[in-house]
Every structure is written in C-alpha cells, then in structure tokens.
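K.L.:
The structure file query.cif (mmCIF, C-alpha atoms) is provided below.
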```cif
data_target
loop_
_atom_site.label_atom_id
_atom_site.label_comp_id
_atom_site.auth_asym_id
_atom_site.auth_seq_id
_atom_site.Cartn_x
_atom_site.Cartn_y
_atom_site.Cartn_z
CA MET A 1 -26.23 -27.44 -16.39
CA THR A 2 -29.38 -25.76 -17.68
CA GLY A 3 -27.87 -24.05 -20.66
CA HIS A 4 -31.13 -23.61 -22.58
CA THR A 5 -32.77 -20.99 -20.33
CA PRO A 6 -32.98 -17.67 -22.20
CA LEU A 7 -30.48 -15.14 -20.93
CA PRO A 8 -32.01 -11.90 -19.60
CA THR A 9 -30.32 -8.69 -20.62
CA ASP A 10 -30.89 -6.41 -17.63
CA PRO A 11 -29.19 -6.72 -14.23
CA ASP A 12 -32.42 -6.90 -12.25
CA SER A 13 -33.44 -10.01 -14.17
CA LEU A 14 -29.98 -11.56 -14.25
CA GLY A 15 -29.30 -10.95 -10.55
CA PRO A 16 -31.85 -13.34 -9.03
CA GLN A 17 -30.87 -16.02 -11.53
CA CYS A 18 -27.19 -15.57 -10.64
CA CYS A 19 -27.92 -15.85 -6.91
CA GLU A 20 -30.02 -18.94 -7.52
CA GLN A 21 -27.31 -20.57 -9.60
CA ASN A 22 -24.77 -19.84 -6.86
CA ASP A 23 -27.01 -21.78 -4.49
CA VAL A 24 -27.27 -24.59 -7.01
CA PHE A 25 -23.50 -24.67 -7.27
CA ARG A 26 -23.08 -24.87 -3.50
CA ARG A 27 -25.49 -27.82 -3.37
CA THR A 28 -24.42 -29.76 -6.44
CA GLY A 29 -21.01 -28.48 -7.55
CA ALA A 30 -22.39 -27.52 -10.96
CA SER A 31 -24.53 -24.65 -12.25
CA ASP A 32 -25.48 -22.55 -15.26
CA GLU A 33 -22.71 -19.96 -15.22
CA ARG A 34 -24.15 -17.69 -17.92
CA PHE A 35 -26.20 -15.50 -15.58
CA CYS A 36 -23.36 -14.60 -13.24
CA LEU A 37 -20.95 -14.26 -16.12
CA GLU A 38 -23.22 -11.75 -17.87
CA LEU A 39 -23.76 -9.94 -14.58
CA PHE A 40 -20.01 -9.59 -14.12
CA ARG A 41 -19.71 -8.37 -17.71
CA LEU A 42 -22.33 -5.68 -17.14
CA ALA A 43 -20.59 -4.63 -13.93
CA LEU A 44 -16.98 -4.72 -15.06
CA GLN A 45 -17.28 -3.74 -18.71
CA GLU A 46 -20.37 -1.57 -18.83
CA GLU A 47 -20.07 -0.34 -15.23
CA ARG A 48 -23.82 -0.63 -14.65
CA PRO A 49 -24.60 0.27 -11.00
CA ALA A 50 -27.50 -2.18 -10.85
CA ALA A 51 -25.17 -4.96 -11.97
CA TRP A 52 -22.75 -4.09 -9.17
CA THR A 53 -25.59 -4.17 -6.68
CA TRP A 54 -26.41 -7.72 -7.72
CA VAL A 55 -22.77 -8.79 -7.85
CA HIS A 56 -22.54 -7.71 -4.21
CA ARG A 57 -25.79 -9.38 -3.25
CA CYS A 58 -24.99 -12.69 -4.93
CA HIS A 59 -21.38 -12.97 -3.78
CA GLU A 60 -21.10 -11.17 -0.46
CA ASN A 61 -21.65 -14.34 1.60
CA GLN A 62 -18.91 -16.04 -0.37
CA VAL A 63 -16.55 -13.11 0.18
CA ALA A 64 -17.42 -12.89 3.89
CA ARG A 65 -16.77 -16.62 4.27
CA ALA A 66 -13.36 -16.27 2.61
CA ILE A 67 -12.49 -13.42 4.95
CA ARG A 68 -13.64 -15.27 8.07
CA THR A 69 -11.56 -18.32 7.18
CA HIS A 70 -8.38 -16.36 6.60
CA ARG A 71 -5.79 -17.06 9.28
CA SER A 72 -4.46 -13.50 9.19
CA LEU A 73 -7.84 -12.18 10.36
CA ASN A 74 -6.60 -12.60 13.91
CA GLY A 75 -4.14 -9.79 13.42
CA CYS A 76 -6.75 -7.49 11.98
CA ALA A 77 -8.69 -4.73 13.72
CA GLU A 78 -11.39 -4.08 11.10
CA GLU A 79 -14.82 -5.70 11.16
CA VAL A 80 -15.59 -8.43 8.64
CA GLU A 81 -18.37 -6.32 7.10
CA ASP A 82 -15.92 -3.50 6.39
CA LEU A 83 -13.43 -5.91 4.86
CA VAL A 84 -16.15 -7.31 2.60
CA GLN A 85 -16.75 -3.81 1.25
CA LEU A 86 -13.02 -3.29 0.79
CA ALA A 87 -12.78 -6.56 -1.12
CA PHE A 88 -15.49 -5.49 -3.56
CA THR A 89 -13.87 -2.08 -3.90
CA LYS A 90 -10.56 -3.70 -4.75
CA PHE A 91 -12.24 -6.08 -7.15
CA ALA A 92 -14.00 -3.20 -8.92
CA ARG A 93 -10.76 -1.31 -9.20
CA PHE A 94 -8.43 -4.03 -10.45
CA ALA A 95 -10.50 -6.81 -12.04
CA ARG A 96 -11.03 -7.05 -15.76
CA PHE A 97 -13.75 -9.07 -17.44
CA GLN A 98 -11.89 -12.21 -18.44
CA PRO A 99 -14.06 -15.35 -18.67
CA PRO A 100 -14.54 -18.08 -17.69
CA LEU A 101 -16.60 -17.46 -14.56
CA PRO A 102 -14.32 -19.48 -12.21
CA ALA A 103 -11.42 -17.18 -13.13
CA ILE A 104 -13.48 -14.09 -12.25
CA VAL A 105 -14.71 -15.61 -9.00
CA SER A 106 -11.14 -16.64 -8.22
CA TYR A 107 -10.07 -13.01 -8.65
CA LEU A 108 -12.82 -11.91 -6.28
CA ARG A 109 -11.63 -14.50 -3.78
CA ALA A 110 -8.08 -13.21 -4.18
CA CYS A 111 -9.32 -9.69 -3.41
CA ALA A 112 -11.01 -11.00 -0.27
CA ASP A 113 -7.82 -12.70 0.87
CA SER A 114 -5.71 -9.67 0.02
CA VAL A 115 -7.77 -7.18 2.07
CA VAL A 116 -7.24 -9.39 5.12
CA ILE A 117 -3.50 -9.44 4.44
CA ASP A 118 -3.56 -5.65 3.97
CA CYS A 119 -5.33 -5.29 7.29
CA ALA A 120 -2.82 -7.53 9.09
CA ARG A 121 0.03 -5.62 7.45
CA ARG A 122 -1.35 -2.30 8.72
CA ARG A 123 -1.45 -3.72 12.23
CA GLN A 124 2.05 -5.11 11.83
CA ALA A 125 3.37 -1.77 10.56
CA THR A 126 1.83 -0.03 13.56
CA ASP A 127 3.43 -2.56 15.89
CA TYR A 128 6.73 -2.03 14.14
CA ALA A 129 6.49 1.75 14.45
CA LEU A 130 5.82 1.34 18.19
CA SER A 131 8.65 -1.16 18.51
CA LEU A 132 11.16 1.41 17.31
CA ASP A 133 10.95 2.98 20.75
CA ASP A 134 9.98 -0.10 22.73
CA PRO A 135 12.42 -3.01 22.72
CA GLU A 136 9.79 -5.32 24.23
CA LEU A 137 7.75 -5.23 21.04
CA ASN A 138 9.04 -7.19 18.12
CA PRO A 139 7.20 -7.68 14.85
CA GLY A 140 10.27 -9.14 13.18
CA LEU A 141 10.45 -12.51 11.50
CA LEU A 142 13.51 -14.24 10.21
CA PRO A 143 13.51 -16.70 7.33
CA ALA A 144 13.75 -20.28 8.49
CA ALA A 145 16.02 -21.91 5.98
CA GLU A 146 17.93 -19.44 3.86
CA ASP A 147 21.65 -20.05 4.32
CA ASP A 148 23.13 -17.53 1.90
CA PRO A 149 20.74 -14.61 1.54
CA ALA A 150 23.19 -12.01 0.21
CA ALA A 151 22.31 -12.42 -3.47
CA ALA A 152 18.59 -12.62 -2.81
CA ILE A 153 18.73 -9.50 -0.64
CA GLN A 154 20.50 -7.60 -3.38
CA GLU A 155 18.06 -8.80 -6.05
CA THR A 156 14.87 -8.24 -4.13
CA LEU A 157 15.83 -4.84 -2.75
CA GLU A 158 17.50 -3.22 -5.71
CA ARG A 159 14.13 -3.14 -7.48
CA ASP A 160 13.05 -0.43 -5.05
CA ALA A 161 14.61 3.01 -5.44
CA LEU A 162 14.77 3.82 -1.73
CA TRP A 163 16.22 0.47 -0.77
CA ALA A 164 18.69 0.61 -3.66
CA ALA A 165 19.83 4.00 -2.40
CA VAL A 166 20.06 2.75 1.19
CA LEU A 167 22.12 -0.28 0.20
CA GLY A 168 24.36 2.03 -1.76
CA PHE A 169 25.61 3.35 1.57
CA ALA A 170 26.54 -0.12 2.85
CA GLN A 171 30.25 -0.75 2.92
CA ASP A 172 30.20 -4.54 2.84
CA ASP A 173 27.99 -7.65 2.86
CA LEU A 174 27.68 -7.64 6.64
CA GLU A 175 26.16 -4.15 6.61
CA ARG A 176 23.80 -5.14 3.78
CA LEU A 177 22.73 -8.20 5.70
CA VAL A 178 22.15 -6.29 8.93
CA ALA A 179 20.34 -3.52 7.06
CA PHE A 180 17.95 -6.02 5.51
CA TYR A 181 17.16 -8.00 8.63
CA ALA A 182 17.00 -5.00 10.95
CA LEU A 183 15.22 -2.48 8.73
CA HIS A 184 13.24 -4.57 6.26
CA GLN A 185 12.34 -7.54 8.46
CA GLY A 186 12.22 -5.62 11.76
CA ALA A 187 14.45 -8.14 13.55
CA ARG A 188 16.27 -7.37 16.79
CA PRO A 189 20.09 -7.59 17.02
CA ALA A 190 19.85 -10.66 19.27
CA GLU A 191 17.71 -12.45 16.71
CA ILE A 192 20.07 -11.58 13.89
CA GLN A 193 23.04 -12.79 15.90
CA ALA A 194 21.23 -16.01 16.78
CA ARG A 195 20.35 -16.53 13.13
CA PHE A 196 23.94 -15.97 11.98
CA PRO A 197 26.18 -17.15 14.84
CA ASP A 198 29.05 -17.71 12.44
CA LEU A 199 28.99 -14.08 11.34
CA PHE A 200 28.32 -12.32 14.64
CA THR A 201 29.76 -13.20 18.02
CA ALA A 202 27.32 -11.10 20.08
CA PRO A 203 24.16 -9.01 19.63
CA ALA A 204 26.24 -5.95 20.47
CA GLN A 205 28.23 -6.50 17.31
CA VAL A 206 25.03 -6.43 15.27
CA SER A 207 23.88 -3.32 17.13
CA GLN A 208 27.13 -1.55 16.36
CA ILE A 209 26.93 -2.37 12.65
CA ARG A 210 23.31 -1.25 12.54
CA ASP A 211 23.95 1.97 14.44
CA ASN A 212 26.97 2.87 12.30
CA PHE A 213 24.94 2.25 9.19
CA VAL A 214 21.95 4.31 10.36
CA ARG A 215 24.26 7.17 11.32
CA ARG A 216 25.70 7.09 7.83
CA LEU A 217 22.19 7.23 6.41
CA LYS A 218 21.42 10.23 8.61
CA ARG A 219 24.45 12.08 7.35
CA ASN A 220 23.14 11.54 3.84
CA ARG A 221 19.53 12.35 4.56
CA GLU A 222 19.42 14.98 1.82
CA ILE A 223 19.86 12.15 -0.69
CA LEU A 224 17.35 9.82 0.94
CA GLU A 225 14.54 12.20 1.86
CA PRO A 226 13.43 12.86 -1.72
CA LEU A 227 12.89 9.10 -2.04
CA LEU A 228 10.69 8.86 1.04
CA ASP A 229 6.94 8.86 0.64
CA ASP A 230 5.27 12.24 1.09
CA GLY A 231 3.77 11.41 4.47
CA ILE A 232 7.02 9.99 5.74
CA LYS A 233 8.86 13.02 4.42
CA GLU A 234 6.58 15.31 6.41
CA ALA A 235 7.23 13.31 9.56
CA ALA A 236 10.95 13.51 8.99
CA ALA A 237 10.72 17.26 8.47
CA TYR A 238 9.79 17.72 12.14
CA LYS A 239 13.13 16.37 13.18
CA PRO A 240 15.71 18.72 14.67
CA VAL A 241 19.09 18.82 12.98
CA ASP A 242 21.11 15.63 13.35
CA ASP A 243 22.25 15.51 16.94
CA ASN A 244 24.87 12.82 16.67
CA GLY A 245 27.33 14.79 14.63
CA GLY A 246 27.86 12.02 12.12
CA MET A 247 30.33 10.18 14.32
CA GLU A 248 30.79 6.50 13.72
CA MET B 1 15.25 7.26 17.97
CA THR B 2 15.11 10.54 16.10
CA PRO B 3 12.15 11.39 13.84
CA PHE B 4 14.36 10.83 10.83
CA GLU B 5 15.22 7.34 12.01
CA ASP B 6 11.56 6.65 12.78
CA ALA B 7 10.52 7.89 9.37
CA LEU B 8 13.22 5.94 7.60
CA GLY B 9 12.47 2.82 9.62
CA ALA B 10 8.77 3.06 8.81
CA ALA B 11 9.54 3.62 5.14
CA LEU B 12 11.93 0.68 4.84
CA PHE B 13 9.98 -1.93 6.81
CA ARG B 14 8.67 -4.54 4.34
CA ARG B 15 9.00 -1.97 1.57
CA SER B 16 10.05 -4.48 -1.08
CA CYS B 17 7.29 -6.98 -0.27
CA PRO B 18 4.87 -7.72 -3.12
CA ASN B 19 1.46 -6.17 -2.70
CA SER B 20 -1.08 -8.46 -1.13
CA LEU B 21 -3.14 -9.04 -4.27
CA ASP B 22 -0.05 -10.05 -6.24
CA LEU B 23 0.94 -12.39 -3.41
CA VAL B 24 -2.47 -14.09 -3.43
CA ARG B 25 -2.51 -14.30 -7.22
CA TYR B 26 0.99 -15.79 -6.99
CA TYR B 27 -0.37 -18.42 -4.60
CA ASP B 28 -3.20 -19.11 -7.06
CA GLY B 29 -0.67 -19.62 -9.84
CA ALA B 30 -2.36 -16.81 -11.76
CA LEU B 31 0.64 -14.55 -12.34
CA ALA B 32 2.67 -14.51 -15.51
CA ALA B 33 6.17 -15.93 -15.14
CA GLU B 34 7.81 -12.50 -15.34
CA MET B 35 5.70 -11.30 -12.41
CA ALA B 36 6.09 -14.51 -10.43
CA ALA B 37 9.87 -14.78 -10.70
CA PRO B 38 10.68 -11.75 -8.49
CA ILE B 39 8.21 -13.04 -5.90
CA ASP B 40 9.92 -16.43 -5.97
CA ARG B 41 13.19 -14.69 -5.16
CA HIS B 42 11.65 -12.43 -2.55
CA LEU B 43 10.13 -15.39 -0.72
CA GLU B 44 13.56 -16.89 -0.27
CA ILE B 45 14.45 -14.17 2.19
CA CYS B 46 11.22 -12.64 3.52
CA ALA B 47 9.74 -14.54 6.44
CA HIS B 48 6.81 -12.09 6.61
CA CYS B 49 5.61 -13.05 3.14
CA GLN B 50 6.32 -16.72 3.82
CA ASP B 51 4.14 -16.43 6.90
CA GLU B 52 1.35 -14.74 4.93
CA LEU B 53 1.42 -17.51 2.33
CA HIS B 54 1.34 -20.11 5.07
CA ARG B 55 -1.71 -18.52 6.65
CA LEU B 56 -3.40 -18.20 3.28
CA ASN B 57 -2.69 -21.83 2.54
CA ALA B 58 -4.02 -22.92 5.90
CA ALA B 59 -7.26 -21.05 5.27
CA ARG B 60 -7.67 -22.38 1.76
CA ARG B 61 -7.02 -25.96 2.84
CA ALA B 62 -8.97 -26.07 6.05
CA GLY B 63 -11.89 -23.78 5.25
CA ALA B 64 -12.51 -23.40 8.98
CA PRO B 65 -13.25 -20.08 10.70
CA ALA B 66 -10.07 -18.35 11.77
CA ARG B 67 -11.51 -15.86 14.27
CA PRO B 68 -11.73 -18.23 17.26
CA GLU B 69 -8.15 -19.42 16.96
CA PRO B 70 -5.47 -17.69 18.97
CA ALA B 71 -2.90 -15.92 16.84
CA PRO B 72 0.55 -17.49 16.98
CA ALA B 73 3.11 -15.14 18.46
CA PRO B 74 5.36 -13.60 15.82
CA GLY B 75 8.46 -15.66 15.40
CA LEU B 76 7.18 -18.52 17.50
CA GLY B 77 4.64 -20.17 15.20
CA GLU B 78 5.24 -23.14 12.99
CA ARG B 79 7.07 -22.08 9.87
CA VAL B 80 6.21 -23.74 6.61
CA ARG B 81 8.05 -22.70 3.50
CA ILE B 82 5.79 -22.86 0.49
CA TRP B 83 7.15 -23.20 -3.02
CA ILE B 84 4.93 -22.67 -6.04
CA GLY B 85 5.76 -24.82 -9.07
CA ARG B 86 6.29 -23.51 -12.57
CA LEU B 87 5.43 -25.61 -15.60
CA LEU B 88 8.48 -25.98 -17.79
CA PRO B 89 8.17 -26.00 -21.58
CA PRO B 90 8.30 -29.47 -23.17
CA ALA B 91 11.81 -30.47 -24.07
CA GLY B 92 13.20 -33.87 -24.91
CA ALA B 93 16.00 -33.60 -22.44
CA LEU B 94 13.57 -32.86 -19.61
CA GLN B 95 11.15 -35.72 -20.16
CA PRO B 96 11.00 -38.29 -17.39
CA ALA B 97 12.61 -41.63 -17.71
CA MET B 98 9.39 -43.21 -16.54
CA ALA B 99 6.92 -44.59 -19.05
CA LEU B 100 4.84 -41.93 -20.81
CA ARG B 101 1.72 -43.70 -21.88
CA GLY B 102 -1.17 -41.43 -21.00
CA GLN B 103 -2.34 -37.84 -21.21
CA GLY B 104 1.25 -36.75 -21.10
CA ALA B 105 4.15 -35.81 -18.97
CA ARG B 106 4.55 -32.42 -17.37
CA THR B 107 7.68 -31.11 -15.80
CA TYR B 108 7.70 -28.46 -13.10
CA ASP B 109 10.40 -26.50 -11.40
CA VAL B 110 9.38 -26.12 -7.78
CA GLY B 111 11.74 -24.62 -5.24
CA GLY B 112 14.74 -25.73 -7.27
CA ARG B 113 13.50 -29.29 -7.45
CA ARG B 114 12.22 -31.00 -10.56
CA LEU B 115 8.76 -32.58 -10.41
CA LEU B 116 7.80 -34.95 -13.19
CA LEU B 117 4.11 -35.80 -13.51
CA ASP B 118 2.76 -38.42 -15.86
CA ILE B 119 -1.02 -38.37 -16.25
CA GLN B 120 -2.34 -41.75 -17.36
CA PRO B 121 -5.80 -43.28 -17.82
CA ASP B 122 -6.77 -45.31 -14.78
CA ARG B 123 -6.83 -48.93 -15.97
CA SER B 124 -9.63 -50.00 -13.66
CA GLN B 125 -11.75 -46.84 -14.10
CA PRO B 126 -11.39 -45.62 -17.69
CA ARG B 127 -12.92 -42.16 -17.11
CA GLN B 128 -10.54 -41.45 -14.29
CA ARG B 129 -6.84 -40.74 -14.17
CA THR B 130 -3.75 -41.99 -12.45
CA ILE B 131 -1.05 -39.50 -11.54
CA VAL B 132 2.45 -40.90 -11.43
CA GLY B 133 4.90 -38.43 -9.95
CA ARG B 134 8.57 -38.26 -9.24
CA LEU B 135 10.37 -35.50 -7.37
CA THR B 136 14.10 -35.11 -7.89
CA GLY B 137 16.79 -32.70 -6.74
CA GLY B 138 16.71 -30.62 -3.59
CA LYS B 139 19.58 -32.47 -1.96
CA GLY B 140 19.76 -31.40 1.66
CA ASP B 141 16.30 -29.79 1.59
CA PRO B 142 13.57 -31.04 3.94
CA ALA B 143 11.90 -34.22 2.69
CA VAL B 144 8.29 -34.23 1.53
CA ARG B 145 6.29 -37.22 2.72
CA THR B 146 2.74 -36.94 1.42
CA ALA B 147 1.08 -35.89 -1.83
CA PHE B 148 -2.31 -34.18 -1.49
CA LEU B 149 -4.76 -33.39 -4.28
CA MET B 150 -6.90 -30.41 -3.33
CA ARG B 151 -10.08 -29.28 -5.04
CA ALA B 152 -12.15 -26.29 -3.90
CA GLY B 153 -10.29 -26.30 -0.60
CA GLU B 154 -11.04 -29.95 0.16
CA THR B 155 -8.71 -32.93 0.02
CA ALA B 156 -9.67 -35.00 -3.03
CA GLY B 157 -6.90 -37.56 -2.68
CA ALA B 158 -3.65 -38.30 -0.94
CA GLY B 159 -0.77 -40.73 -1.09
CA PRO B 160 2.66 -41.34 0.41
CA ILE B 161 5.82 -40.17 -1.31
CA GLN B 162 8.53 -42.84 -1.44
CA ALA B 163 12.10 -42.20 -0.36
CA GLY B 164 13.12 -41.92 -4.01
CA GLY B 165 10.52 -39.21 -4.60
CA GLN B 166 7.95 -41.40 -6.41
CA PHE B 167 4.23 -41.32 -5.71
CA ILE B 168 1.04 -42.55 -7.33
CA LEU B 169 -2.49 -41.16 -6.99
CA ARG B 170 -5.15 -43.40 -8.55
CA GLY B 171 -8.80 -42.93 -9.41
CA VAL B 172 -8.58 -39.18 -9.91
CA ALA B 173 -11.66 -37.64 -11.52
CA PRO B 174 -11.08 -35.22 -14.44
CA ALA B 175 -11.04 -31.75 -12.88
CA ALA B 176 -8.69 -28.93 -11.94
CA TYR B 177 -6.66 -29.51 -8.79
CA ARG B 178 -3.96 -28.09 -6.57
CA LEU B 179 -1.28 -30.71 -5.93
CA ILE B 180 0.59 -30.28 -2.66
CA LEU B 181 3.66 -32.28 -1.68
CA ALA B 182 4.02 -31.74 2.05
CA GLY B 183 6.75 -32.42 4.57
CA GLU B 184 7.81 -31.01 7.89
CA GLY B 185 8.22 -27.27 7.40
CA ILE B 186 7.84 -27.36 3.63
CA GLU B 187 5.12 -27.57 1.00
CA LEU B 188 5.57 -27.78 -2.75
CA HIS B 189 2.48 -26.58 -4.64
CA ILE B 190 1.32 -27.13 -8.19
CA PRO B 191 -1.65 -24.75 -8.16
CA ASP B 192 -3.10 -25.39 -11.60
CA LEU B 193 -3.08 -29.11 -12.30
CA ASP B 194 -5.76 -29.40 -14.96
CA LEU B 195 -6.81 -33.01 -15.61
CA THR B 196 -9.88 -32.21 -17.69
CA GLY B 197 -8.19 -32.72 -21.06
CA GLY B 198 -7.45 -35.95 -22.90
#
```
For the file at hand, write its structure as structure tokens.
P.N.:
Amino acid sequence: MTGHTPLPTDPDSLGPQCCEQNDVFRRTGASDERFCLELFRLALQEERPAAWTWVHRCHENQVARAIRTHRSLNGCAEEVEDLVQLAFTKFARFARFQPPLPAIVSYLRACADSVVIDCARRRQATDYALSLDDPELNPGLLPAAEDDPAAAIQETLERDALWAAVLGFAQDDLERLVAFYALHQGARPAEIQARFPDLFTAPAQVSQIRDNFVRRLKRNREILEPLLDDGIKEAAAYKPVDDNGGME
Amino acid sequence: MTPFEDALGAALFRRSCPNSLDLVRYYDGALAAEMAAPIDRHLEICAHCQDELHRLNAARRAGAPARPEPAPAPGLGERVRIWIGRLLPPAGALQPAMALRGQGARTYDVGGRRLLLDIQPDRSQPRQRTIVGRLTGGKGDPAVRTAFLMRAGETAGAGPIQAGGQFILRGVAPAAYRLILAGEGIELHIPDLDLTGG
C-alpha cells in the first residue's frame, strides 16, 4: 500500500492513478485503493462524465474478462463488447457508492455476470416461444432433486400477480404442478410424466391436464389479460375469438 | 396454439424467476436475508435458476474462457444443486459441541443442514488459522466429500470431509474466502467467510 500519495481531486488526474493501481493489484494482490474509490465516488455520487470515462477505461478489461469466462455466454448472441457496455449501463443505473472498494468492484462484477445471464435468458425465451409451435424444440428444465414441490410452487408463484391469478384457476394440486412445470419451466408432458411417474401413468395424462387447464384460462381471458404485460397484451389482442368453445 | 395461448405462455415462462442481478448478488452472499429467503425457496423448484447458478459458479471457480466450450444441451448437462449458507445469530443452544478455543464458532444454515465452523489459531503458524468444521443434518441428501476454500476465484485450500461431516483446513491465511463443500451433484457455499479478524 502507498497510502501517503496525495489524492488528486479531478477525474483526469485520478483516472491514470486508478488504472495504474489496478495493474499493481493484478501483479501483487495489493494496491492503494483510494484513487479508484474516489473515482467511483465522483462517478456514482457526483455523476461526473469524466469520472465515468475513467471508470470505463480502468475497469473494462476486468468486465470483459468476467463476461468471457461466464459459462452462459455460449447461449448468448450479443458480442462481448456490447455486453461490456450493458454491464456498465446496469452498474450506473443500480449501483450506489458504498465503500469499501472491493464491494463496489464486486457489484460491477455482478453486473457483468448478470448481463450475460440476461442475454442467455433472452435466447432461452425466444427458443421457448418457438417451441410452443415446434415440439422438437425444448428449453425446459426440471429440478433434479425436489420430491415435494407443491408448497414451494405455491410460495414462489403467489408472489407474482399473474401467476397467482393463473393458479387460482387450478382445481387441485395436480393441475398446479402441471401448470408450473409446463408453463413456468417449459417442460414437455413426457418429461413431466417421467419426473413424476407415481402421479402420472402416461404423457397423455399430463397433456390432458395441461390442455384442460389452458382451456379454462382461455375462458377467463378477460380476467387474465389485464395482468399481462403491455406487449404481450397487444399480441393477444390479434387473436380471433376463442375457437374451442370452452369445452373441457 | 392460438395467439392467446402463445401470449400467455410467453408471459408465464420463468416469470417468477429472480432478476439476474439479484441472482448474482444472492450467489455473492450480498443480499439481505429478507431478499435472499424467497430466492432460497425459488431455487428449490426452478431448474433454470439452478442451472444459471451452476454456470456462474463454474465461471467464478475456473476463471477459464467459456466461449470455446460447447454448450451442454438443455436438460442433459450435469446438474449441481447449489445451496448458499446463512449465518445464524449466536445462541447457546446452537453452539457446537466441539471445543471453541479460537476466533470463535459460527453456525450456518445451508440447504437445511447445519454447518458449524470453529476458527482457531494455527498452532504451528501463529498468524494463520485452522478451520474446524462439522456438517450435520441433511439425512438422505447427497453427501459432500471435499471442502474447498476459494479466494478471488482460485482454490486456496482443500480437505476431505469425513463420513461424520467433520473436516479441518490448516494454515489458512487471514483473508476473506468462499468455502465450498462439494459432492456429486451438490455444493454448499459459504460465500463470505471473513478470517481477517481476531
């Protein structure tokens, strides 16, 4: 640590010192954290554009490295450079200046990891949307070890207004279970049956429960549509009137 | 599929999953207990989020570029359930039966199991620490076999976990670590093991 060096007060003086100390840290595992800490303060608290420029310059390699090492990058269509910018954007939006420096850098690292996850989730959501009409595609995943998920399903889903409303139309635990695994996890009937062989004797049984449940949701669309996101609501508005007549 | 079904399906898919930043902060042990608890519960049933944590953990531990590796097919890859430990408040009834001679005992709840850690001075290296641990509970859950101490994404120490759940890590330098107890298909994480005090 070289804690006796006078601390500059403007970003253009702090920036080079911060970058240099980052290099020192990479080589030795220790550094004078005051320069980067003050730079983050000027960026996050005082919103000084020059401070942000230096925050980018001094930390973009670190952020890019975090993104390149993330295992979910494989499922991501965006370029690393774009994700780096998204990470800094997210950091600028959500981070608060809360020393010490490792905590701030950890938050920046979390933003880097999270933009990769966001990217993979977008890809997964696209795959799921395509899978709705293509049984060969399957983005679903089933939990490996949960033996009695009913309570956890209820707890985790009732926090969301749309899901709480959807589950309100389920007539029993079997429908709730199928609704969760089919609609939240994106699992196919055969997977659900294989996961719960004691509950379902054949995939067709799961399909029937799912289809009955979805038909019930369709009959009650006037209740559910106000809970859908605006974009989703617009998509649903193109639909012709329910063509299945509400038969179960 | 009708447009309504498509719209509803798109709206419901993974809708209750925590946002990605919360999930990463959860992994880092940086969320307050009231924010972490719903994620604990969610992870019990959501394989998508479990998979995301697993990938995050792999990246943090290995530090190797991910781009060249082929992506595992959904549903076919190795599944590792990750549990993040929560430090329990000190209470006489929760203290370990083992000797408490050093920096102090800490008790964690991790995936329904109880992890007792006793941080002691290392007798042969006074500036360093010895971690004595014991994992109890979790009857019927997969066994954990190895204790890893991670620092800045690198393995700083490791040791076997005995059948009774005991393990010892000696010669540990004062620093902040992530402790990982790993077994087949399961990892128990203590993300914020700070050994700088005392």
K.L.:
Determine, counting all atoms listed in the file, which protein, DNA and RNA residues have an atom within 8 Å of an atom of region 143-157 of chain B; residues of the same chain fewer than 2 positions away are not included. Present the result as number ranges by chain.
P.N.:
B: 60-63, 141, 159-162, 167, 169, 172, 176-184, 186-187
K.L.:
With C-alpha atoms kept, could you save the residues just selected as a short mmCIF file (atom, residue, chain, number, x, y, z; two decimals), in the frame of the given file?
P.N.:
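Now in out-v2.cif:
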```cif
data_model
loop_
_atom_site.label_atom_id
_atom_site.label_comp_id
_atom_site.auth_asym_id
_atom_site.auth_seq_id
_atom_site.Cartn_x
_atom_site.Cartn_y
_atom_site.Cartn_z
CA ARG B 60 -7.67 -22.38 1.76
CA ARG B 61 -7.02 -25.96 2.84
CA ALA B 62 -8.97 -26.07 6.05
CA GLY B 63 -11.89 -23.78 5.25
CA ASP B 141 16.30 -29.79 1.59
CA GLY B 159 -0.77 -40.73 -1.09
CA PRO B 160 2.66 -41.34 0.41
CA ILE B 161 5.82 -40.17 -1.31
CA GLN B 162 8.53 -42.84 -1.44
CA PHE B 167 4.23 -41.32 -5.71
CA LEU B 169 -2.49 -41.16 -6.99
CA VAL B 172 -8.58 -39.18 -9.91
CA ALA B 176 -8.69 -28.93 -11.94
CA TYR B 177 -6.66 -29.51 -8.79
CA ARG B 178 -3.96 -28.09 -6.57
CA LEU B 179 -1.28 -30.71 -5.93
CA ILE B 180 0.59 -30.28 -2.66
CA LEU B 181 3.66 -32.28 -1.68
CA ALA B 182 4.02 -31.74 2.05
CA GLY B 183 6.75 -32.42 4.57
CA GLU B 184 7.81 -31.01 7.89
CA ILE B 186 7.84 -27.36 3.63
CA GLU B 187 5.12 -27.57 1.00
#
```
K.L.:
Given the file shown, enumerate the residues that the PyMOL selection byres ((chain A and resi 160-171) around 12) captures and present them as a ChimeraX atom specification.
P.N.:
/A:150,153-159,172-180,183-184,209-210,212-229 /B:8-9,11-18
K.L.:
Check what the PyMOL selection byres ((chain B and resi 40-45) around 6) selects in the file above and give those residues as a ChimeraX atom specification.
P.N.:
/A:143,156 /B:37-39,46
K.L.:
Please write as a PDB file with C-alpha atoms, keeping the file's coordinate frame the full residue list that the PyMOL selection byres ((chain B and resi 116) around 8) yields on this file.
P.N.:
```pdb
ATOM      1  CA  GLN B  95      11.150 -35.720 -20.160  1.00  0.00           C
ATOM      2  CA  PRO B  96      11.000 -38.290 -17.390  1.00  0.00           C
ATOM      3  CA  ALA B 105       4.150 -35.810 -18.970  1.00  0.00           C
ATOM      4  CA  ARG B 106       4.550 -32.420 -17.370  1.00  0.00           C
ATOM      5  CA  THR B 107       7.680 -31.110 -15.800  1.00  0.00           C
ATOM      6  CA  TYR B 108       7.700 -28.460 -13.100  1.00  0.00           C
ATOM      7  CA  ARG B 114      12.220 -31.000 -10.560  1.00  0.00           C
ATOM      8  CA  LEU B 115       8.760 -32.580 -10.410  1.00  0.00           C
ATOM      9  CA  LEU B 117       4.110 -35.800 -13.510  1.00  0.00           C
ATOM     10  CA  ASP B 118       2.760 -38.420 -15.860  1.00  0.00           C
ATOM     11  CA  GLY B 133       4.900 -38.430  -9.950  1.00  0.00           C
ATOM     12  CA  ARG B 134       8.570 -38.260  -9.240  1.00  0.00           C
ATOM     13  CA  LEU B 135      10.370 -35.500  -7.370  1.00  0.00           C
TER      14      LEU B 135
END
```
K.L.:
Could you check how far CA of Ala194 (chain A) sits from CA of Thr2 (chain B), in Å to one decimal?
P.N.:
27.3 Å
K.L.:
Please determine an axis-aligned box that encloses all atoms of region 177-183 of chain B listed in the file, with 3 Å added on each side, and express its centre and edge lengths in Å to one decimal as lines of an AutoDock Vina configuration file.
P.N.:
```
center_x = 0.0
center_y = -30.3
center_z = -2.1
size_x = 19.4
size_y = 10.3
size_z = 19.4
```
